[in-house]
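Raw run03.cif, mmCIF, C-alpha atoms and all ligand atoms:
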data_start
loop_
_atom_site.label_atom_id
_atom_site.label_comp_id
_atom_site.auth_asym_id
_atom_site.auth_seq_id
_atom_site.Cartn_x
_atom_site.Cartn_y
_atom_site.Cartn_z
CA MET A 294 8.74 -32.18 -30.82
CA PRO A 295 7.85 -33.51 -34.24
CA SER A 296 8.02 -30.31 -36.18
CA GLY A 297 4.80 -29.08 -37.62
CA ILE A 298 2.38 -31.01 -35.37
CA LEU A 299 1.66 -28.11 -33.10
CA GLY A 300 3.41 -24.81 -33.38
CA GLY A 301 6.54 -26.37 -34.91
CA ASN A 302 7.31 -23.14 -36.62
CA LEU A 303 10.10 -20.74 -35.82
CA ASP A 304 8.87 -17.84 -37.92
CA GLY A 305 10.08 -14.54 -36.56
CA LYS A 306 12.34 -16.17 -33.94
CA SER A 307 15.98 -15.16 -33.60
CA ILE A 308 18.52 -17.69 -32.50
CA LEU A 309 22.11 -17.00 -31.55
CA LEU A 310 24.04 -20.19 -32.24
CA ILE A 311 27.39 -20.56 -30.51
CA ILE A 312 29.59 -23.17 -32.13
CA SER A 313 32.43 -24.29 -29.89
CA GLY A 314 35.25 -26.71 -30.61
CA GLY A 315 34.46 -30.31 -31.46
CA ILE A 316 34.18 -32.62 -34.41
CA ALA A 317 30.38 -32.41 -34.01
CA ALA A 318 30.57 -28.81 -35.27
CA TYR A 319 29.90 -30.17 -38.77
CA LYS A 320 26.39 -31.07 -37.60
CA SER A 321 25.85 -27.43 -36.63
CA LEU A 322 25.95 -26.49 -40.32
CA ASP A 323 22.94 -28.72 -40.85
CA LEU A 324 21.34 -27.28 -37.70
CA ILE A 325 21.60 -23.79 -39.20
CA ARG A 326 19.84 -25.03 -42.35
CA ARG A 327 17.07 -26.74 -40.39
CA LEU A 328 16.43 -23.65 -38.31
CA LYS A 329 16.33 -21.39 -41.33
CA GLU A 330 13.95 -23.78 -43.14
CA ARG A 331 11.57 -23.23 -40.23
CA GLY A 332 11.73 -19.46 -40.55
CA ALA A 333 14.22 -18.62 -37.78
CA ALA A 334 16.91 -15.97 -38.18
CA VAL A 335 20.23 -17.50 -37.11
CA ARG A 336 23.30 -15.53 -36.11
CA CYS A 337 26.43 -17.47 -35.27
CA VAL A 338 29.35 -17.04 -32.94
CA LEU A 339 32.38 -19.25 -33.58
CA THR A 340 34.84 -19.87 -30.76
CA ALA A 341 38.52 -20.28 -31.62
CA GLY A 342 38.06 -24.03 -31.17
CA GLY A 343 34.92 -24.06 -33.32
CA ALA A 344 36.77 -22.31 -36.13
CA GLN A 345 39.21 -25.25 -36.23
CA PHE A 346 36.36 -27.52 -37.31
CA VAL A 347 34.09 -25.39 -39.51
CA THR A 348 35.03 -22.31 -41.48
CA PRO A 349 33.51 -18.88 -40.91
CA LEU A 350 32.74 -18.84 -44.62
CA SER A 351 30.46 -21.90 -44.53
CA VAL A 352 28.74 -20.65 -41.38
CA ALA A 353 28.18 -17.21 -42.94
CA ALA A 354 26.94 -18.69 -46.21
CA LEU A 355 24.40 -20.94 -44.49
CA SER A 356 23.22 -18.40 -41.93
CA GLU A 357 23.24 -15.53 -44.45
CA GLU A 358 24.65 -13.36 -41.67
CA ALA A 359 28.07 -12.15 -40.61
CA VAL A 360 29.85 -14.57 -38.27
CA PHE A 361 31.13 -13.22 -34.95
CA GLN A 362 34.39 -14.53 -33.57
CA ASP A 363 36.43 -11.96 -31.75
CA LEU A 364 35.65 -10.17 -28.49
CA PHE A 365 38.16 -7.45 -29.20
CA SER A 366 37.51 -6.94 -32.89
CA LEU A 367 36.67 -3.29 -33.43
CA LYS A 368 34.75 -4.23 -36.54
CA ASP A 369 32.50 -6.73 -34.75
CA GLU A 370 31.98 -4.43 -31.77
CA SER A 371 31.19 -1.40 -33.90
CA GLU A 372 28.69 -3.30 -36.00
CA MET A 373 27.23 -5.59 -33.34
CA GLY A 374 28.35 -5.46 -29.72
CA HIS A 375 28.25 -8.64 -27.67
CA ILE A 376 25.39 -7.30 -25.59
CA ARG A 377 23.34 -6.56 -28.69
CA LEU A 378 24.04 -10.03 -30.05
CA SER A 379 22.31 -11.60 -27.08
CA ARG A 380 19.68 -8.88 -26.68
CA GLU A 381 18.37 -9.43 -30.19
CA ALA A 382 18.08 -13.20 -29.78
CA ASP A 383 15.07 -15.08 -28.39
CA LEU A 384 17.26 -18.04 -27.46
CA LEU A 385 20.97 -18.84 -27.25
CA VAL A 386 21.96 -22.31 -28.43
CA ILE A 387 25.41 -23.79 -27.86
CA ALA A 388 26.03 -26.67 -30.27
CA PRO A 389 28.39 -28.30 -29.85
CA ALA A 390 29.02 -27.32 -26.24
CA SER A 391 32.60 -28.37 -25.47
CA ALA A 392 33.75 -29.44 -22.01
CA ASP A 393 35.88 -26.31 -21.94
CA LEU A 394 33.06 -23.89 -22.72
CA MET A 395 30.78 -25.57 -20.17
CA ALA A 396 33.53 -25.25 -17.54
CA LYS A 397 33.91 -21.57 -18.36
CA MET A 398 30.17 -20.99 -18.11
CA ALA A 399 29.87 -22.91 -14.85
CA SER A 400 32.58 -20.78 -13.26
CA GLY A 401 31.46 -17.50 -14.79
CA GLN A 402 34.55 -16.86 -16.88
CA ALA A 403 34.37 -14.41 -19.76
CA ASP A 404 37.60 -14.43 -21.72
CA ASP A 405 36.33 -14.68 -25.28
CA LEU A 406 33.30 -13.58 -27.24
CA ALA A 407 31.19 -16.71 -26.60
CA SER A 408 31.78 -16.88 -22.85
CA THR A 409 31.26 -13.11 -22.52
CA ILE A 410 27.92 -13.27 -24.32
CA LEU A 411 26.88 -16.22 -22.14
CA LEU A 412 27.75 -14.35 -18.95
CA ALA A 413 26.01 -11.18 -20.10
CA THR A 414 22.79 -12.72 -21.38
CA ASP A 415 19.39 -12.79 -19.71
CA LYS A 416 17.92 -14.97 -22.48
CA PRO A 417 17.18 -18.70 -22.22
CA VAL A 418 20.16 -20.88 -23.12
CA LEU A 419 20.15 -24.43 -24.50
CA PHE A 420 23.40 -26.38 -24.67
CA ALA A 421 24.13 -29.57 -26.60
CA PRO A 422 27.26 -31.19 -25.18
CA ALA A 423 29.60 -33.17 -27.43
CA MET A 424 32.86 -34.72 -26.35
CA ASN A 425 34.81 -37.89 -25.75
CA THR A 426 32.96 -40.22 -23.39
CA ARG A 427 35.63 -40.05 -20.65
CA MET A 428 35.56 -36.28 -20.73
CA TRP A 429 31.76 -36.40 -20.48
CA GLU A 430 31.80 -38.83 -17.58
CA HIS A 431 34.52 -36.98 -15.69
CA PRO A 432 33.18 -35.73 -12.34
CA ALA A 433 34.27 -32.18 -13.23
CA THR A 434 32.13 -32.16 -16.39
CA GLN A 435 29.18 -33.74 -14.59
CA ARG A 436 29.53 -31.14 -11.83
CA ASN A 437 29.57 -28.36 -14.40
CA VAL A 438 26.47 -29.71 -16.16
CA ARG A 439 24.60 -29.81 -12.84
CA THR A 440 25.67 -26.25 -12.09
CA LEU A 441 24.44 -25.06 -15.47
CA LEU A 442 21.08 -26.81 -15.05
CA ASP A 443 20.75 -25.36 -11.55
CA ASP A 444 21.49 -21.95 -13.07
CA GLY A 445 18.41 -22.41 -15.25
CA LEU A 446 20.00 -23.44 -18.55
CA ALA A 447 18.46 -26.29 -20.56
CA SER A 448 20.45 -29.13 -22.11
CA ILE A 449 19.93 -31.75 -24.76
CA GLY A 450 21.94 -34.95 -25.07
CA PRO A 451 24.56 -36.14 -25.45
CA GLY A 452 23.51 -39.40 -27.04
CA GLN A 453 25.25 -42.76 -27.01
CA GLY A 454 27.08 -44.39 -29.88
CA ASP A 455 30.32 -44.47 -31.82
CA LEU A 456 32.37 -41.40 -31.15
CA ALA A 457 34.79 -39.71 -33.53
CA CYS A 458 37.65 -40.65 -31.18
CA GLY A 459 36.98 -44.36 -31.86
CA GLU A 460 35.40 -45.03 -28.48
CA VAL A 461 31.82 -46.02 -27.88
CA GLY A 462 29.71 -44.41 -25.20
CA SER A 463 28.00 -41.22 -24.17
CA GLY A 464 29.23 -38.04 -25.80
CA ARG A 465 27.69 -37.75 -29.28
CA MET A 466 26.02 -34.45 -29.91
CA SER A 467 22.26 -34.79 -30.39
CA GLU A 468 21.15 -34.79 -34.01
CA PRO A 469 20.16 -31.44 -35.56
CA LEU A 470 16.46 -32.35 -35.69
CA GLU A 471 16.49 -33.31 -32.01
CA ILE A 472 18.06 -29.95 -31.22
CA VAL A 473 15.43 -28.21 -33.37
CA ALA A 474 12.71 -30.01 -31.39
CA ALA A 475 14.26 -28.86 -28.11
CA ILE A 476 14.41 -25.29 -29.44
CA GLU A 477 10.74 -25.44 -30.41
CA THR A 478 9.83 -26.69 -26.95
CA LEU A 479 11.81 -23.93 -25.26
CA LEU A 480 10.51 -21.15 -27.48
CA GLY A 481 6.96 -22.47 -27.26
CA GLU A 482 7.00 -21.98 -23.52
CA THR A 483 7.89 -18.28 -23.58
CA PRO A 484 4.91 -16.59 -21.97
CA VAL A 485 3.54 -13.49 -23.58
CA ALA A 486 2.23 -10.94 -21.07
CA GLY A 487 -1.56 -10.81 -21.03
CA ASP A 488 -1.81 -13.98 -23.13
CA LEU A 489 -4.35 -16.20 -21.34
CA PRO A 490 -5.19 -18.99 -23.78
CA LEU A 491 -6.66 -21.20 -21.03
CA MET A 492 -9.08 -18.57 -19.75
CA GLY A 493 -12.45 -20.23 -19.14
CA ARG A 494 -10.91 -23.74 -18.87
CA ARG A 495 -11.01 -25.75 -15.65
CA ALA A 496 -8.10 -27.95 -14.65
CA ILE A 497 -7.54 -30.55 -11.94
CA VAL A 498 -3.92 -31.31 -11.04
CA THR A 499 -2.83 -34.01 -8.59
CA SER A 500 0.52 -33.58 -6.91
CA GLY A 501 2.78 -35.01 -4.22
CA PRO A 502 2.72 -38.37 -2.47
CA THR A 503 -0.16 -40.02 -0.67
CA TYR A 504 0.07 -41.24 2.91
CA GLU A 505 -1.64 -44.53 3.63
CA ALA A 506 -2.31 -44.92 7.33
CA ILE A 507 -1.20 -48.05 9.19
CA ASP A 508 -2.50 -46.78 12.52
CA PRO A 509 -3.09 -43.27 13.93
CA VAL A 510 0.67 -42.50 14.01
CA ARG A 511 2.23 -44.55 11.22
CA TYR A 512 1.81 -44.54 7.46
CA LEU A 513 3.19 -45.82 4.15
CA ALA A 514 4.47 -43.07 1.86
CA ASN A 515 6.95 -42.31 -0.92
CA ARG A 516 9.58 -39.68 -1.69
CA SER A 517 7.60 -37.48 -4.09
CA SER A 518 8.18 -33.80 -3.29
CA GLY A 519 5.23 -32.46 -5.32
CA LYS A 520 7.50 -29.95 -7.09
CA GLN A 521 6.52 -30.99 -10.60
CA GLY A 522 2.76 -31.15 -9.92
CA HIS A 523 2.72 -27.83 -8.08
CA ALA A 524 4.69 -26.20 -10.90
CA ILE A 525 2.14 -27.52 -13.43
CA ALA A 526 -0.78 -26.15 -11.41
CA ALA A 527 0.95 -22.75 -11.28
CA ALA A 528 1.79 -22.80 -15.00
CA LEU A 529 -1.81 -23.65 -16.00
CA ALA A 530 -3.11 -20.86 -13.77
CA GLN A 531 -0.64 -18.44 -15.37
CA LEU A 532 -2.21 -19.21 -18.74
CA GLY A 533 -5.62 -18.33 -17.34
CA ALA A 534 -7.02 -21.74 -16.28
CA GLU A 535 -9.09 -22.14 -13.13
CA VAL A 536 -7.05 -24.75 -11.29
CA VAL A 537 -7.88 -27.13 -8.44
CA LEU A 538 -4.68 -28.63 -7.05
CA VAL A 539 -5.32 -31.85 -5.14
CA ALA A 540 -2.15 -32.19 -3.12
CA GLY A 541 -0.75 -34.90 -0.91
CA PRO A 542 1.43 -33.92 2.07
CA ASN A 543 4.28 -31.63 0.98
CA ASN A 544 6.48 -28.77 2.15
CA LEU A 545 5.80 -26.43 -0.75
CA PRO A 546 4.05 -23.08 -0.64
CA ASP A 547 0.59 -23.10 -2.25
CA PRO A 548 0.97 -21.80 -5.82
CA GLY A 549 -0.67 -18.43 -6.37
CA GLY A 550 -4.06 -18.28 -8.05
CA VAL A 551 -4.78 -21.98 -7.49
CA GLN A 552 -7.41 -23.63 -5.23
CA VAL A 553 -5.62 -26.19 -3.09
CA ARG A 554 -7.34 -29.27 -1.67
CA ALA A 555 -4.98 -30.85 0.86
CA ILE A 556 -5.50 -34.60 1.21
CA GLU A 557 -3.54 -37.52 2.63
CA SER A 558 -4.67 -40.82 1.17
CA ALA A 559 -5.36 -42.04 -2.37
CA ALA A 560 -9.04 -42.50 -1.50
CA GLN A 561 -9.21 -38.87 -0.38
CA MET A 562 -7.37 -37.78 -3.52
CA LEU A 563 -9.88 -39.55 -5.73
CA ALA A 564 -12.83 -38.08 -3.81
CA ALA A 565 -11.35 -34.56 -4.09
CA CYS A 566 -10.80 -35.00 -7.84
CA GLU A 567 -14.34 -36.24 -8.36
CA ALA A 568 -15.68 -33.31 -6.32
CA ALA A 569 -13.72 -30.90 -8.55
CA LEU A 570 -15.33 -32.20 -11.76
CA PRO A 571 -16.34 -31.09 -14.35
CA ALA A 572 -12.98 -30.13 -15.82
CA ASP A 573 -11.48 -29.62 -19.25
CA ILE A 574 -8.03 -30.74 -18.18
CA ALA A 575 -6.75 -33.32 -15.69
CA VAL A 576 -3.04 -33.67 -15.03
CA CYS A 577 -2.22 -36.54 -12.67
CA ALA A 578 1.29 -35.81 -11.47
CA ALA A 579 0.88 -37.29 -7.99
CA ALA A 580 2.84 -40.33 -6.89
CA VAL A 581 -0.20 -42.18 -5.62
CA ALA A 582 0.51 -45.18 -3.39
CA ASP A 583 -0.46 -48.31 -5.26
CA TRP A 584 -1.56 -50.03 -2.04
CA ARG A 585 -3.07 -49.10 1.28
CA VAL A 586 -3.13 -51.08 4.48
CA ALA A 587 -6.18 -53.29 4.81
CA GLY A 588 -8.03 -52.55 8.01
CA GLU A 589 -6.18 -49.51 9.42
CA ALA A 590 -5.76 -50.01 13.18
CA GLY A 591 -7.92 -47.67 15.25
CA GLN A 592 -5.29 -47.45 17.99
CA LYS A 593 -1.48 -47.30 17.88
CA MET A 594 -0.24 -50.83 17.24
CA LYS A 595 1.86 -52.28 20.07
CA LYS A 596 4.59 -54.88 20.17
CA ASP A 597 2.95 -57.99 21.59
CA GLY A 598 6.10 -59.34 23.24
CA SER A 599 6.27 -62.38 20.93
CA GLY A 600 9.18 -60.90 18.96
CA ARG A 601 7.17 -61.39 15.76
CA PRO A 602 6.33 -58.30 13.71
CA PRO A 603 2.69 -57.81 12.73
CA ALA A 604 1.78 -58.81 9.17
CA LEU A 605 0.50 -55.87 7.15
CA ALA A 606 -2.06 -56.90 4.57
CA LEU A 607 -2.27 -54.48 1.63
CA VAL A 608 -5.14 -53.79 -0.75
CA GLU A 609 -4.92 -51.98 -4.07
CA ASN A 610 -5.78 -48.30 -4.16
CA PRO A 611 -8.09 -46.78 -6.74
CA ASP A 612 -6.24 -45.60 -9.84
CA ILE A 613 -7.17 -41.93 -10.11
CA LEU A 614 -5.70 -41.38 -13.57
CA LYS A 615 -7.50 -44.43 -14.94
CA THR A 616 -10.76 -43.49 -13.25
CA LEU A 617 -10.69 -39.96 -14.72
CA SER A 618 -9.60 -41.26 -18.15
CA GLN A 619 -12.38 -43.81 -18.31
CA LEU A 620 -15.23 -41.71 -16.95
CA ASN A 621 -18.42 -42.32 -18.84
CA GLY A 622 -19.78 -38.86 -19.33
CA GLY A 623 -17.99 -35.92 -17.80
CA ARG A 624 -14.51 -37.14 -18.79
CA PRO A 625 -12.10 -34.18 -18.89
CA GLY A 626 -11.30 -33.26 -22.51
CA LEU A 627 -7.59 -33.83 -22.02
CA VAL A 628 -6.22 -36.26 -19.44
CA VAL A 629 -2.47 -36.31 -18.86
CA GLY A 630 -0.64 -38.88 -16.76
CA PHE A 631 2.92 -39.23 -15.62
CA ALA A 632 5.12 -42.30 -15.81
CA ALA A 633 8.20 -42.52 -13.67
CA GLU A 634 10.27 -45.37 -15.04
CA THR A 635 13.68 -46.79 -14.24
CA GLU A 636 14.18 -48.64 -17.55
CA LYS A 637 12.68 -48.78 -21.08
CA VAL A 638 11.18 -45.41 -20.22
CA VAL A 639 9.33 -44.67 -23.46
CA GLY A 640 8.15 -48.24 -24.13
CA HIS A 641 6.69 -48.70 -20.65
CA ALA A 642 5.05 -45.27 -20.80
CA GLN A 643 3.44 -45.98 -24.17
CA GLY A 644 1.91 -49.13 -22.68
CA LYS A 645 0.70 -47.14 -19.69
CA ARG A 646 -1.00 -44.58 -21.94
CA THR A 647 -3.04 -47.31 -23.60
CA ARG A 648 -3.76 -49.26 -20.42
CA LYS A 649 -4.99 -46.27 -18.48
CA GLY A 650 -6.81 -44.64 -21.38
CA CYS A 651 -5.30 -41.19 -20.89
CA ASP A 652 -4.48 -38.88 -23.80
CA TRP A 653 -0.89 -37.97 -23.02
CA ILE A 654 1.81 -39.41 -20.81
CA VAL A 655 4.76 -37.42 -19.55
CA ALA A 656 7.47 -40.05 -19.06
CA ASN A 657 10.56 -39.49 -17.01
CA ASP A 658 13.57 -41.53 -16.11
CA VAL A 659 13.91 -41.87 -12.35
CA GLY A 660 16.64 -44.52 -12.51
CA ALA A 661 19.74 -44.44 -10.33
CA GLY A 662 21.75 -41.26 -10.72
CA THR A 663 18.98 -39.14 -12.23
CA ASN A 664 18.07 -37.29 -9.02
CA VAL A 665 14.55 -36.51 -10.31
CA MET A 666 12.64 -37.39 -7.13
CA GLY A 667 12.93 -34.24 -5.01
CA GLY A 668 15.40 -32.61 -7.44
CA ASP A 669 14.78 -29.44 -9.42
CA ASP A 670 15.38 -30.73 -12.95
CA ASN A 671 13.58 -33.18 -15.15
CA THR A 672 14.18 -34.85 -18.51
CA VAL A 673 10.86 -35.93 -19.96
CA HIS A 674 9.34 -37.46 -23.06
CA LEU A 675 5.83 -36.41 -24.05
CA ILE A 676 3.87 -39.35 -25.44
CA THR A 677 0.75 -38.54 -27.41
CA ALA A 678 -1.30 -40.39 -30.02
CA GLN A 679 0.93 -38.72 -32.64
CA GLY A 680 4.22 -40.02 -31.27
CA VAL A 681 7.02 -39.30 -28.86
CA GLU A 682 8.69 -35.96 -28.23
CA ASP A 683 12.02 -35.95 -26.39
CA TRP A 684 12.21 -32.74 -24.42
CA PRO A 685 15.47 -31.17 -23.29
CA THR A 686 16.55 -31.41 -19.68
CA MET A 687 14.94 -28.43 -17.97
CA SER A 688 14.00 -27.19 -14.55
CA LYS A 689 10.68 -28.58 -13.31
CA ASP A 690 9.26 -25.06 -13.68
CA ALA A 691 10.30 -24.98 -17.34
CA VAL A 692 8.82 -28.47 -17.95
CA ALA A 693 5.58 -27.23 -16.35
CA ALA A 694 5.54 -24.09 -18.50
CA ALA A 695 6.18 -26.10 -21.68
CA LEU A 696 3.45 -28.61 -20.77
CA ALA A 697 0.94 -25.86 -19.99
CA ARG A 698 1.76 -24.23 -23.32
CA ARG A 699 1.26 -27.55 -25.14
CA ILE A 700 -2.08 -28.00 -23.39
CA ALA A 701 -3.11 -24.51 -24.50
CA ASP A 702 -2.02 -25.34 -28.08
CA HIS A 703 -4.08 -28.52 -27.93
CA PHE A 704 -7.25 -26.64 -27.06
CA GLU A 705 -6.49 -23.96 -29.62
CA HIS A 706 -6.17 -26.61 -32.37
CA PHE A 707 -8.75 -29.15 -31.31
CA GLY A 708 -11.12 -27.30 -28.99
CA SER A 709 -12.79 -29.46 -26.37
CA ALA A 710 -11.88 -33.02 -27.29
O1 LIG B 801 0.72 -47.00 -12.60
P1 LIG B 801 1.66 -45.91 -12.30
O2 LIG B 801 1.70 -45.52 -10.84
O3 LIG B 801 3.06 -46.11 -12.81
O4 LIG B 801 1.11 -44.66 -13.14
C1 LIG B 801 1.52 -43.37 -12.95
C2 LIG B 801 0.44 -42.41 -13.31
O5 LIG B 801 -0.80 -42.85 -12.79
C3 LIG B 801 0.67 -41.04 -12.71
O6 LIG B 801 0.05 -40.10 -13.57
C4 LIG B 801 -0.08 -41.14 -11.39
O7 LIG B 801 -0.47 -39.86 -10.92
C5 LIG B 801 -1.27 -41.98 -11.78
N1 LIG B 801 -1.82 -42.82 -10.71
C6 LIG B 801 -3.05 -42.52 -10.16
N2 LIG B 801 -3.59 -43.33 -9.20
C7 LIG B 801 -2.93 -44.43 -8.78
C8 LIG B 801 -1.67 -44.75 -9.32
C9 LIG B 801 -1.13 -43.94 -10.28
O8 LIG B 801 -3.64 -41.50 -10.53
N3 LIG B 801 -3.46 -45.18 -7.84
#

So that I can check it, write out the structure of this file as structure tokens.
Ligand code: C5P
Amino acid sequence: MPSGILGGNLDGKSILLIISGGIAAYKSLDLIRRLKERGAAVRCVLTAGGAQFVTPLSVAALSEEAVFQDLFSLKDESEMGHIRLSREADLLVIAPASADLMAKMASGQADDLASTILLATDKPVLFAPAMNTRMWEHPATQRNVRTLLDDGLASIGPGQGDLACGEVGSGRMSEPLEIVAAIETLLGETPVAGDLPLMGRRAIVTSGPTYEAIDPVRYLANRSSGKQGHAIAAALAQLGAEVVLVAGPNNLPDPGGVQVRAIESAAQMLAACEAALPADIAVCAAAVADWRVAGEAGQKMKKDGSGRPPALALVENPDILKTLSQLNGGRPGLVVGFAAETEKVVGHAQGKRTRKGCDWIVANDVGAGTNVMGGDDNTVHLITAQGVEDWPTMSKDAVAAALARRIADHFEHFGSA
């Protein structure tokens, strides 16, 4: 998140920064500075490996706090037990996160101060991996990363480029400012009990796939699960919005506190959205079929014995996002679209934002190996008129909570657009 645009301020926030072993640890010194500049209190834990790369003295001088290193040090425990270290933090950040520390976390080991804190904490955790590209690509590391994400941790990076080991590839720790942006996103989403900034606002959310009938028993569809859209509807309702969720066929429970309109086709989805107007917010997260079958057969189509399959003529479906974005009169104040892309994710999504006329686009990479469709995690970029924010990899629930919080911030700063 470009710091300072909306809520890019860490005043009063406490961050526990765990620095594990890796050449990228030098960047963590800058990270401490950047966090402190933004008003955060930063306490640091150095693993034995981390202390090979940066000295406790530099970490202490920059953080202006004692540095914690030893699980069994009487001094550390008497002054600040490992439980208190995590209890007093709003967020735990591991930067760099070594392959070794990630493996320990994924298997629940607790044999030093850092891993013990990480096993004992109930606070959100963000990790920024950094390692040699082969170590990063090793199936064991990839398995561990998946486990950590499934356990609810958030991650950022690693990026691509020249690595300290002389190789080129994935494994560079994200830059300090990128990590700061991820921290702001994660802390911005923390709900405060009784805080209902969207009270009095109406929202329409589309979710799931659409089914386009071929005949009474067959249809064209796609693999969207609806998880992200449903999570957004729930997150907006949690912030007080009155939410209409227009949902294509799915296997999810209806989110609490949300009015659900179950539809099948794109035409029905558009009609349900129009019927739900007026609204302050529209979030189009559905994977709407681009085409429907021209002239749906009234009866089940039969093989005609010729051995030739029937030709299906397709016609374009209405674009719901575009229709809502370009409404003349009654346009929702904030219209948010999604862009699932397999390449040039940000560039394509920026084009889509302009073409469709929506205010924000949430872009995600659904290329091979990302497991976004139907999966529980998502790595997104939020594209607004101000620029591009790269969000950390988070659960779809956490992406929804962060988006709902950003929507609330938008209305707080700009009122009804
Ligand atoms: O054009 P494309 O399908 O890539 O755009 C994706 C965005 O547009 C999503 O927000 C999706 O919900 C929305 N969309 C729509 N109606 C369509 C096609 C896409 O609302 N017919």

Write as a PDB file with C-alpha atoms, keeping the file's coordinate frame the residues around ligand LIG 801 (chain B), taking 8 Å as the cut-off and counting all atoms listed in the file.
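Wrote it out as out33.pdb, contents follow:
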ATOM      1  CA  THR A 499      -2.830 -34.010  -8.590  1.00  0.00           C
ATOM      2  CA  SER A 500       0.520 -33.580  -6.910  1.00  0.00           C
ATOM      3  CA  ALA A 559      -5.360 -42.040  -2.370  1.00  0.00           C
ATOM      4  CA  VAL A 576      -3.040 -33.670 -15.030  1.00  0.00           C
ATOM      5  CA  CYS A 577      -2.220 -36.540 -12.670  1.00  0.00           C
ATOM      6  CA  ALA A 578       1.290 -35.810 -11.470  1.00  0.00           C
ATOM      7  CA  ALA A 579       0.880 -37.290  -7.990  1.00  0.00           C
ATOM      8  CA  ALA A 580       2.840 -40.330  -6.890  1.00  0.00           C
ATOM      9  CA  VAL A 581      -0.200 -42.180  -5.620  1.00  0.00           C
ATOM     10  CA  ALA A 582       0.510 -45.180  -3.390  1.00  0.00           C
ATOM     11  CA  ASP A 583      -0.460 -48.310  -5.260  1.00  0.00           C
ATOM     12  CA  TRP A 584      -1.560 -50.030  -2.040  1.00  0.00           C
ATOM     13  CA  GLU A 609      -4.920 -51.980  -4.070  1.00  0.00           C
ATOM     14  CA  ASN A 610      -5.780 -48.300  -4.160  1.00  0.00           C
ATOM     15  CA  PRO A 611      -8.090 -46.780  -6.740  1.00  0.00           C
ATOM     16  CA  ASP A 612      -6.240 -45.600  -9.840  1.00  0.00           C
ATOM     17  CA  ILE A 613      -7.170 -41.930 -10.110  1.00  0.00           C
ATOM     18  CA  LEU A 614      -5.700 -41.380 -13.570  1.00  0.00           C
ATOM     19  CA  LYS A 615      -7.500 -44.430 -14.940  1.00  0.00           C
ATOM     20  CA  THR A 616     -10.760 -43.490 -13.250  1.00  0.00           C
ATOM     21  CA  VAL A 629      -2.470 -36.310 -18.860  1.00  0.00           C
ATOM     22  CA  GLY A 630      -0.640 -38.880 -16.760  1.00  0.00           C
ATOM     23  CA  PHE A 631       2.920 -39.230 -15.620  1.00  0.00           C
ATOM     24  CA  ALA A 632       5.120 -42.300 -15.810  1.00  0.00           C
ATOM     25  CA  ALA A 633       8.200 -42.520 -13.670  1.00  0.00           C
ATOM     26  CA  GLU A 634      10.270 -45.370 -15.040  1.00  0.00           C
ATOM     27  CA  LYS A 645       0.700 -47.140 -19.690  1.00  0.00           C
ATOM     28  CA  LYS A 649      -4.990 -46.270 -18.480  1.00  0.00           C
ATOM     29  CA  ILE A 654       1.810 -39.410 -20.810  1.00  0.00           C
TER      30      ILE A 654
END

Å distance separating atom CA of A:Leu309 from atom CA of A:Glu381, one decimal place: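 Calculated distance between atom CA of A:Leu309 and atom CA of A:Glu381 is 8.6 Å.
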
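What separates atom CA of A:Leu328 from atom CA of A:Glu357 is a distance of 12.2 Å.
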
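Computed from the coordinates, the atom CA of A:Asp488 to atom CA of A:Gly533 distance equals 8.2 Å.
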
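Distance annotation: of A:Arg495, A:Asp669, A:Arg624, A:Leu479, the residue with the minimal separation from A:Arg699 is A:Leu479; atom set is only C-alpha atoms.
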
Just the residues within 7 Å of A:Gly481, please, counting only C-alpha atoms, with nothing from its chain fewer than 2 positions along; format it as a tab-separated table (two decimals) with C-alpha atoms, in the frame of the given file.
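The resulting file, around.tsv, is shown below:
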chain	number	residue	atom	x	y	z
A	477	GLU	CA	10.74	-25.44	-30.41
A	478	THR	CA	9.83	-26.69	-26.95
A	479	LEU	CA	11.81	-23.93	-25.26
A	483	THR	CA	7.89	-18.28	-23.58
A	695	ALA	CA	6.18	-26.10	-21.68
A	698	ARG	CA	1.76	-24.23	-23.32

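Ranking A:Ala496, A:Leu513, A:Ala457, A:Ala604 by their shortest atom-to-atom distance to A:Val551, with only C-alpha atoms included, puts A:Ala496 first.
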
Of the residues A:Asp405, A:Asp573, A:Glu557, A:Glu505, which is the one nearest to A:Val537, using only C-alpha atoms?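 So, comparing all the options, the nearest one is A:Asp573.
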
Counting all atoms listed in the file, which residue out of A:Ala701, A:Val338, A:Val628, A:Ala693 sits closest to A:Ala527?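 Comparing A:Ala701, A:Val338, A:Val628, A:Ala693 against A:Ala527, the winner is A:Ala693.
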
Pick the closest to A:Leu529 from A:Pro542, A:Thr426, A:Gly305, A:Ile700: which is it, counting all atoms listed in the file?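 Comparing A:Pro542, A:Thr426, A:Gly305, A:Ile700 against A:Leu529, the winner is A:Ile700.
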
Place a sphere of radius 7 Å on (14.2, -37.3, -18.2) in the file coordinates and name every protein, DNA or RNA residue with an atom inside or on its surface, counting all atoms listed in the file; give the answer as a ChimeraX atom specification. /A:657-658,671-674,686

Okay, now the selection with C-alpha atoms, as a compact mmCIF listing (two decimals), keeping the file's coordinate frame?
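In the end it all went to part-v4.txt:
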# COMPACT_ATOMS: atom_id res chain seq x y z
CA ASN A 657 10.56 -39.49 -17.01
CA ASP A 658 13.57 -41.53 -16.11
CA ASN A 671 13.58 -33.18 -15.15
CA THR A 672 14.18 -34.85 -18.51
CA VAL A 673 10.86 -35.93 -19.96
CA HIS A 674 9.34 -37.46 -23.06
CA THR A 686 16.55 -31.41 -19.68
